[in-house]
Structures are given as structure tokens and as C-alpha cells.
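Data file: final36.cif. Format and content: mmCIF, N, CA and C atoms.
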```cif
data_data
loop_
_atom_site.group_PDB
_atom_site.id
_atom_site.type_symbol
_atom_site.label_atom_id
_atom_site.label_comp_id
_atom_site.auth_asym_id
_atom_site.auth_seq_id
_atom_site.Cartn_x
_atom_site.Cartn_y
_atom_site.Cartn_z
ATOM 1 N N ASP A 1375 -27.105 121.562 134.075
ATOM 2 C CA ASP A 1375 -26.718 120.272 133.520
ATOM 3 C C ASP A 1375 -27.916 119.328 133.604
ATOM 4 N N GLY A 1376 -28.590 119.138 132.485
ATOM 5 C CA GLY A 1376 -29.797 118.310 132.454
ATOM 6 C C GLY A 1376 -29.552 116.879 132.894
ATOM 7 N N GLU A 1377 -28.431 116.314 132.488
ATOM 8 C CA GLU A 1377 -28.143 114.924 132.865
ATOM 9 C C GLU A 1377 -27.935 114.799 134.372
ATOM 10 N N ALA A 1378 -27.268 115.751 134.983
ATOM 11 C CA ALA A 1378 -27.080 115.726 136.434
ATOM 12 C C ALA A 1378 -28.416 115.842 137.150
ATOM 13 N N LEU A 1379 -29.316 116.677 136.638
ATOM 14 C CA LEU A 1379 -30.647 116.798 137.248
ATOM 15 C C LEU A 1379 -31.437 115.493 137.113
ATOM 16 N N ARG A 1380 -31.338 114.834 135.952
ATOM 17 C CA ARG A 1380 -32.037 113.552 135.770
ATOM 18 C C ARG A 1380 -31.498 112.496 136.738
ATOM 19 N N ARG A 1381 -30.190 112.454 136.913
ATOM 20 C CA ARG A 1381 -29.592 111.495 137.857
ATOM 21 C C ARG A 1381 -30.048 111.793 139.277
ATOM 22 N N LEU A 1382 -30.059 113.078 139.645
ATOM 23 C CA LEU A 1382 -30.519 113.463 140.980
ATOM 24 C C LEU A 1382 -31.973 113.051 141.182
ATOM 25 N N ALA A 1383 -32.824 113.303 140.190
ATOM 26 C CA ALA A 1383 -34.241 112.936 140.293
ATOM 27 C C ALA A 1383 -34.394 111.422 140.422
ATOM 28 N N ALA A 1384 -33.645 110.650 139.633
ATOM 29 C CA ALA A 1384 -33.736 109.184 139.693
ATOM 30 C C ALA A 1384 -33.262 108.668 141.042
ATOM 31 N N THR A 1385 -32.174 109.214 141.554
ATOM 32 C CA THR A 1385 -31.642 108.790 142.854
ATOM 33 C C THR A 1385 -32.618 109.111 143.975
ATOM 34 N N THR A 1386 -33.200 110.305 143.920
ATOM 35 C CA THR A 1386 -34.171 110.715 144.935
ATOM 36 C C THR A 1386 -35.413 109.836 144.891
ATOM 37 N N SER A 1387 -35.909 109.554 143.689
ATOM 38 C CA SER A 1387 -37.083 108.683 143.550
ATOM 39 C C SER A 1387 -36.797 107.282 144.076
ATOM 40 N N ALA A 1388 -35.619 106.754 143.757
ATOM 41 C CA ALA A 1388 -35.256 105.411 144.222
ATOM 42 C C ALA A 1388 -35.177 105.370 145.747
ATOM 43 N N ALA A 1389 -34.605 106.405 146.352
ATOM 44 C CA ALA A 1389 -34.521 106.456 147.818
ATOM 45 C C ALA A 1389 -35.915 106.508 148.422
ATOM 46 N N GLY A 1390 -36.805 107.294 147.824
ATOM 47 C CA GLY A 1390 -38.181 107.369 148.319
ATOM 48 C C GLY A 1390 -38.907 106.042 148.202
ATOM 49 N N ARG A 1391 -38.707 105.340 147.089
ATOM 50 C CA ARG A 1391 -39.361 104.027 146.927
ATOM 51 C C ARG A 1391 -38.853 103.032 147.967
ATOM 52 N N ARG A 1392 -37.547 103.079 148.268
ATOM 53 C CA ARG A 1392 -36.994 102.176 149.289
ATOM 54 C C ARG A 1392 -37.629 102.440 150.651
ATOM 55 N N LEU A 1393 -38.046 103.680 150.877
ATOM 56 C CA LEU A 1393 -38.688 104.041 152.136
ATOM 57 C C LEU A 1393 -40.202 103.848 152.095
ATOM 58 N N GLY A 1394 -40.714 103.410 150.939
ATOM 59 C CA GLY A 1394 -42.147 103.187 150.810
ATOM 60 C C GLY A 1394 -42.922 104.423 150.398
ATOM 61 N N LEU A 1395 -42.242 105.425 149.868
ATOM 62 C CA LEU A 1395 -42.910 106.651 149.432
ATOM 63 C C LEU A 1395 -43.019 106.681 147.919
ATOM 64 N N GLY A 1396 -44.084 107.223 147.418
ATOM 65 C CA GLY A 1396 -44.214 107.462 145.992
ATOM 66 C C GLY A 1396 -44.584 106.230 145.202
ATOM 67 N N PRO A 1397 -44.796 106.423 143.902
ATOM 68 C CA PRO A 1397 -45.224 105.326 143.035
ATOM 69 C C PRO A 1397 -44.086 104.352 142.730
ATOM 70 N N ASP A 1398 -44.472 103.133 142.354
ATOM 71 C CA ASP A 1398 -43.471 102.140 141.948
ATOM 72 C C ASP A 1398 -42.836 102.515 140.620
ATOM 73 N N GLU A 1399 -43.599 103.129 139.741
ATOM 74 C CA GLU A 1399 -43.097 103.572 138.442
ATOM 75 C C GLU A 1399 -42.924 105.084 138.495
ATOM 76 N N PRO A 1400 -41.691 105.560 138.599
ATOM 77 C CA PRO A 1400 -41.506 107.008 138.702
ATOM 78 C C PRO A 1400 -41.903 107.704 137.409
ATOM 79 N N ALA A 1401 -42.477 108.878 137.557
ATOM 80 C CA ALA A 1401 -42.830 109.686 136.387
ATOM 81 C C ALA A 1401 -41.547 110.192 135.734
ATOM 82 N N ARG A 1402 -41.605 110.424 134.444
ATOM 83 C CA ARG A 1402 -40.454 110.960 133.730
ATOM 84 C C ARG A 1402 -40.133 112.342 134.290
ATOM 85 N N PHE A 1403 -38.900 112.536 134.677
ATOM 86 C CA PHE A 1403 -38.490 113.810 135.260
ATOM 87 C C PHE A 1403 -38.429 114.882 134.189
ATOM 88 N N ARG A 1404 -39.015 116.034 134.474
ATOM 89 C CA ARG A 1404 -38.933 117.199 133.605
ATOM 90 C C ARG A 1404 -38.430 118.357 134.451
ATOM 91 N N ALA A 1405 -37.236 118.821 134.117
ATOM 92 C CA ALA A 1405 -36.668 119.952 134.857
ATOM 93 C C ALA A 1405 -37.610 121.143 134.751
ATOM 94 N N HIS A 1406 -37.808 121.838 135.853
ATOM 95 C CA HIS A 1406 -38.713 122.978 135.862
ATOM 96 C C HIS A 1406 -38.336 123.917 136.998
ATOM 97 N N VAL A 1407 -38.891 125.090 136.943
ATOM 98 C CA VAL A 1407 -38.708 126.076 138.000
ATOM 99 C C VAL A 1407 -40.096 126.482 138.475
ATOM 100 N N THR A 1408 -40.352 126.324 139.761
ATOM 101 C CA THR A 1408 -41.597 126.814 140.342
ATOM 102 C C THR A 1408 -41.354 128.252 140.774
ATOM 103 N N LEU A 1409 -42.059 129.174 140.147
ATOM 104 C CA LEU A 1409 -41.858 130.584 140.477
ATOM 105 C C LEU A 1409 -42.599 130.994 141.725
ATOM 106 N N ALA A 1410 -43.795 130.454 141.926
ATOM 107 C CA ALA A 1410 -44.569 130.855 143.093
ATOM 108 C C ALA A 1410 -45.723 129.892 143.307
ATOM 109 N N ARG A 1411 -46.157 129.796 144.548
ATOM 110 C CA ARG A 1411 -47.373 129.085 144.910
ATOM 111 C C ARG A 1411 -48.192 130.015 145.774
ATOM 112 N N SER A 1412 -49.487 129.983 145.570
ATOM 113 C CA SER A 1412 -50.355 130.856 146.347
ATOM 114 C C SER A 1412 -51.538 130.061 146.869
ATOM 115 N N PRO A 1413 -51.873 130.211 148.135
ATOM 116 C CA PRO A 1413 -53.030 129.499 148.683
ATOM 117 C C PRO A 1413 -54.356 130.107 148.256
ATOM 118 N N SER A 1414 -54.313 131.240 147.572
ATOM 119 C CA SER A 1414 -55.561 131.880 147.173
ATOM 120 C C SER A 1414 -55.529 132.218 145.688
ATOM 121 N N GLN A 1415 -56.679 132.559 145.137
ATOM 122 C CA GLN A 1415 -56.772 132.955 143.731
ATOM 123 C C GLN A 1415 -56.199 134.354 143.517
ATOM 124 N N ARG A 1416 -56.216 135.165 144.556
ATOM 125 C CA ARG A 1416 -55.683 136.521 144.440
ATOM 126 C C ARG A 1416 -54.204 136.491 144.768
ATOM 127 N N PHE A 1417 -53.405 136.735 143.769
ATOM 128 C CA PHE A 1417 -51.967 136.594 143.927
ATOM 129 C C PHE A 1417 -51.263 137.677 143.126
ATOM 130 N N ASP A 1418 -50.356 138.393 143.763
ATOM 131 C CA ASP A 1418 -49.580 139.423 143.091
ATOM 132 C C ASP A 1418 -48.145 138.916 142.940
ATOM 133 N N PRO A 1419 -47.720 138.569 141.715
ATOM 134 C CA PRO A 1419 -46.389 137.996 141.519
ATOM 135 C C PRO A 1419 -45.262 139.024 141.521
ATOM 136 N N ARG A 1420 -45.582 140.314 141.565
ATOM 137 C CA ARG A 1420 -44.544 141.345 141.440
ATOM 138 C C ARG A 1420 -43.415 141.232 142.461
ATOM 139 N N PRO A 1421 -43.680 140.987 143.740
ATOM 140 C CA PRO A 1421 -42.548 140.862 144.668
ATOM 141 C C PRO A 1421 -41.607 139.711 144.288
ATOM 142 N N TYR A 1422 -42.166 138.640 143.751
ATOM 143 C CA TYR A 1422 -41.337 137.496 143.366
ATOM 144 C C TYR A 1422 -40.545 137.792 142.111
ATOM 145 N N THR A 1423 -41.164 138.435 141.140
ATOM 146 C CA THR A 1423 -40.435 138.750 139.911
ATOM 147 C C THR A 1423 -39.338 139.775 140.182
ATOM 148 N N GLU A 1424 -39.557 140.674 141.141
ATOM 149 C CA GLU A 1424 -38.507 141.624 141.503
ATOM 150 C C GLU A 1424 -37.315 140.894 142.124
ATOM 151 N N LEU A 1425 -37.576 139.898 142.968
ATOM 152 C CA LEU A 1425 -36.487 139.109 143.545
ATOM 153 C C LEU A 1425 -35.753 138.317 142.468
ATOM 154 N N LEU A 1426 -36.499 137.755 141.524
ATOM 155 C CA LEU A 1426 -35.872 136.985 140.451
ATOM 156 C C LEU A 1426 -35.016 137.870 139.553
ATOM 157 N N GLY A 1427 -35.322 139.152 139.497
ATOM 158 C CA GLY A 1427 -34.528 140.078 138.697
ATOM 159 C C GLY A 1427 -33.083 140.158 139.150
ATOM 160 N N ARG A 1428 -32.825 139.826 140.394
ATOM 161 C CA ARG A 1428 -31.456 139.849 140.938
ATOM 162 C C ARG A 1428 -30.776 138.486 140.865
ATOM 163 N N PHE A 1429 -31.499 137.457 140.390
ATOM 164 C CA PHE A 1429 -30.955 136.103 140.333
ATOM 165 C C PHE A 1429 -29.804 136.034 139.333
ATOM 166 N N ALA A 1430 -28.709 135.414 139.743
ATOM 167 C CA ALA A 1430 -27.564 135.208 138.847
ATOM 168 C C ALA A 1430 -27.150 133.752 138.953
ATOM 169 N N GLY A 1431 -27.523 132.957 137.986
ATOM 170 C CA GLY A 1431 -27.161 131.545 137.970
ATOM 171 C C GLY A 1431 -26.626 131.167 136.607
ATOM 172 N N ASP A 1432 -26.353 129.892 136.433
ATOM 173 C CA ASP A 1432 -25.870 129.410 135.147
ATOM 174 C C ASP A 1432 -26.975 129.526 134.109
ATOM 175 N N PRO A 1433 -26.629 129.866 132.875
ATOM 176 C CA PRO A 1433 -27.651 129.974 131.834
ATOM 177 C C PRO A 1433 -28.229 128.607 131.479
ATOM 178 N N TRP A 1434 -29.478 128.592 131.066
ATOM 179 C CA TRP A 1434 -30.144 127.385 130.600
ATOM 180 C C TRP A 1434 -31.217 127.797 129.599
ATOM 181 N N THR A 1435 -31.692 126.850 128.832
ATOM 182 C CA THR A 1435 -32.672 127.133 127.795
ATOM 183 C C THR A 1435 -33.966 126.403 128.096
ATOM 184 N N ALA A 1436 -35.063 127.133 128.050
ATOM 185 C CA ALA A 1436 -36.386 126.539 128.250
ATOM 186 C C ALA A 1436 -37.061 126.409 126.896
ATOM 187 N N GLY A 1437 -37.784 125.297 126.683
ATOM 188 C CA GLY A 1437 -38.483 125.076 125.431
ATOM 189 C C GLY A 1437 -39.907 125.583 125.435
ATOM 190 N N GLU A 1438 -40.480 125.701 126.632
ATOM 191 C CA GLU A 1438 -41.846 126.204 126.712
ATOM 192 C C GLU A 1438 -42.079 126.839 128.076
ATOM 193 N N LEU A 1439 -43.085 127.674 128.130
ATOM 194 C CA LEU A 1439 -43.564 128.254 129.377
ATOM 195 C C LEU A 1439 -44.918 127.611 129.647
ATOM 196 N N ALA A 1440 -45.059 126.970 130.782
ATOM 197 C CA ALA A 1440 -46.311 126.281 131.109
ATOM 198 C C ALA A 1440 -46.886 126.847 132.399
ATOM 199 N N LEU A 1441 -48.179 127.055 132.390
ATOM 200 C CA LEU A 1441 -48.901 127.460 133.589
ATOM 201 C C LEU A 1441 -49.553 126.193 134.143
ATOM 202 N N VAL A 1442 -49.160 125.811 135.354
ATOM 203 C CA VAL A 1442 -49.615 124.555 135.951
ATOM 204 C C VAL A 1442 -50.186 124.844 137.328
ATOM 205 N N ARG A 1443 -51.376 124.336 137.581
ATOM 206 C CA ARG A 1443 -51.989 124.472 138.903
ATOM 207 C C ARG A 1443 -51.605 123.246 139.729
ATOM 208 N N SER A 1444 -51.091 123.463 140.929
ATOM 209 C CA SER A 1444 -50.740 122.379 141.844
ATOM 210 C C SER A 1444 -51.872 122.170 142.826
ATOM 211 N N HIS A 1445 -52.378 120.963 142.904
ATOM 212 C CA HIS A 1445 -53.375 120.596 143.909
ATOM 213 C C HIS A 1445 -52.619 119.836 144.993
ATOM 214 N N LEU A 1446 -52.277 120.531 146.054
ATOM 215 C CA LEU A 1446 -51.468 119.931 147.114
ATOM 216 C C LEU A 1446 -52.313 118.979 147.943
ATOM 217 N N PRO A 1447 -51.703 117.901 148.425
ATOM 218 C CA PRO A 1447 -52.469 116.919 149.204
ATOM 219 C C PRO A 1447 -53.005 117.514 150.490
ATOM 220 N N ASP A 1448 -54.215 117.107 150.834
ATOM 221 C CA ASP A 1448 -54.787 117.563 152.100
ATOM 222 C C ASP A 1448 -55.460 116.421 152.847
ATOM 223 N N GLY A 1449 -55.234 115.190 152.372
ATOM 224 C CA GLY A 1449 -55.883 114.037 152.984
ATOM 225 C C GLY A 1449 -55.165 113.484 154.201
ATOM 226 N N GLY A 1450 -53.939 113.959 154.442
ATOM 227 C CA GLY A 1450 -53.195 113.472 155.594
ATOM 228 C C GLY A 1450 -52.653 112.058 155.430
ATOM 229 N N VAL A 1451 -52.649 111.544 154.210
ATOM 230 C CA VAL A 1451 -52.147 110.195 153.939
ATOM 231 C C VAL A 1451 -50.638 110.275 153.724
ATOM 232 N N PRO A 1452 -49.843 109.509 154.495
ATOM 233 C CA PRO A 1452 -48.391 109.545 154.302
ATOM 234 C C PRO A 1452 -48.032 109.174 152.867
ATOM 235 N N GLY A 1453 -47.145 109.948 152.275
ATOM 236 C CA GLY A 1453 -46.705 109.688 150.912
ATOM 237 C C GLY A 1453 -47.639 110.204 149.833
ATOM 238 N N GLU A 1454 -48.751 110.837 150.231
ATOM 239 C CA GLU A 1454 -49.692 111.364 149.249
ATOM 240 C C GLU A 1454 -48.989 112.424 148.398
ATOM 241 N N GLN A 1455 -49.208 112.370 147.099
ATOM 242 C CA GLN A 1455 -48.518 113.243 146.163
ATOM 243 C C GLN A 1455 -49.434 114.362 145.669
ATOM 244 N N PRO A 1456 -48.851 115.498 145.319
ATOM 245 C CA PRO A 1456 -49.661 116.554 144.720
ATOM 246 C C PRO A 1456 -50.133 116.131 143.335
ATOM 247 N N ARG A 1457 -51.194 116.767 142.865
ATOM 248 C CA ARG A 1457 -51.691 116.538 141.512
ATOM 249 C C ARG A 1457 -51.478 117.828 140.742
ATOM 250 N N TYR A 1458 -50.973 117.696 139.515
ATOM 251 C CA TYR A 1458 -50.659 118.871 138.706
ATOM 252 C C TYR A 1458 -51.621 118.943 137.530
ATOM 253 N N GLU A 1459 -52.193 120.119 137.335
ATOM 254 C CA GLU A 1459 -53.159 120.349 136.273
ATOM 255 C C GLU A 1459 -52.615 121.377 135.282
ATOM 256 N N PRO A 1460 -52.256 120.945 134.071
ATOM 257 C CA PRO A 1460 -51.797 121.924 133.078
ATOM 258 C C PRO A 1460 -52.928 122.861 132.697
ATOM 259 N N ILE A 1461 -52.674 124.144 132.728
ATOM 260 C CA ILE A 1461 -53.676 125.148 132.381
ATOM 261 C C ILE A 1461 -53.446 125.640 130.951
ATOM 262 N N ALA A 1462 -52.195 125.969 130.633
ATOM 263 C CA ALA A 1462 -51.854 126.448 129.295
ATOM 264 C C ALA A 1462 -50.343 126.305 129.108
ATOM 265 N N ALA A 1463 -49.904 126.285 127.849
ATOM 266 C CA ALA A 1463 -48.463 126.214 127.542
ATOM 267 C C ALA A 1463 -48.189 127.039 126.291
ATOM 268 N N TRP A 1464 -47.022 127.658 126.283
ATOM 269 C CA TRP A 1464 -46.618 128.483 125.173
ATOM 270 C C TRP A 1464 -45.198 128.091 124.774
ATOM 271 N N PRO A 1465 -44.977 127.776 123.485
ATOM 272 C CA PRO A 1465 -43.620 127.431 123.036
ATOM 273 C C PRO A 1465 -42.700 128.655 123.093
ATOM 274 N N LEU A 1466 -41.437 128.402 123.366
ATOM 275 C CA LEU A 1466 -40.437 129.468 123.419
ATOM 276 C C LEU A 1466 -39.388 129.226 122.341
ATOM 277 N N GLY A 1467 -38.743 130.236 121.941
ATOM 278 C CA GLY A 1467 -37.662 130.109 120.964
ATOM 279 C C GLY A 1467 -38.163 130.238 119.539
ATOM 280 N N GLY A 1468 -37.255 129.912 118.598
ATOM 281 C CA GLY A 1468 -37.577 130.082 117.186
ATOM 282 C C GLY A 1468 -38.104 128.899 116.601
#
```

Please go through the file and, once you have read it, give me the structure as C-alpha cells.
Amino acid sequence: DGEALRRLAATTSAAGRRLGLGPDEPARFRAHVTLARSPSQRFDPRPYTELLGRFAGDPWTAGELALVRSHLPDGGVPGEQPRYEPIAAWPLGG
């Protein structure tokens, strides 16, 4: 349910701002699934894709597949946010 996810994201962002975390202007929420994160360049996704093969959840439709690199914070600053770098994107569907 996209609308429920947007409400959850807005509520979570508002709670974080009340606590002094995150930006004053929240970024537009885009529902996504993080399949894996790896601390190194050498990464074998097969164990994760095998686990996902058993996943049974509600159906949903994705419009694109995007490869995004996450630069996780390492400065030790409270509230520091990760930076996301789009690498490539491929449209899905007809």
C-alpha cells in the first residue's frame, strides 16, 4: 500500500525532526527495497537471492530497477545521514 508507506515515512520524518534529527525539509519518499549492502567491492549476492526466492509477501509493481551506492556516515556526527549515489537505472514493464 503506497499511501500507507508514504504516511509512515512522513510520520517517521516528523518524529525525527521533533527530536532534532534529519533535515528540516524531508526528501520525497520513494518506496524501495534494499537487497544487500556490502562493506567491500567484492560481493557475492547469491546467498541473498536464494533467501529472497523463498519470500512470500503481497504483490507490488516496480517501475524501475536502480543500482544505488550508499555512502554510510563515518564522521560520528549525531544525525548524520547517508549519501546515495545513483549508478544506473533500468525501466521495467511495458

* To do: Could you tell me which residues the PyMOL selection byres ((chain A and resi 1458) around 8) grabs in this file, written as number ranges by chain?
  => A: 1442-1446, 1455-1457, 1459-1461

Atom pair atom N of A:Gly1431 + atom N of A:Val1407, distance 13.9 Å

A straight line from atom N of A:Asp1418 to atom N of A:His1406 spans 22.2 Å

Q. Pick from A:Arg1428, A:Ala1440, A:Asp1448, A:Thr1423: nearest to A:Ala1462, with only N, CA and C atoms counted?
A.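 Checking each candidate against A:Ala1462, we get A:Ala1440 as the closest.
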
Separating atom CA of A:Leu1379 from atom CA of A:Pro1433, to the nearest tenth of an Å, is a gap of 14.6 Å
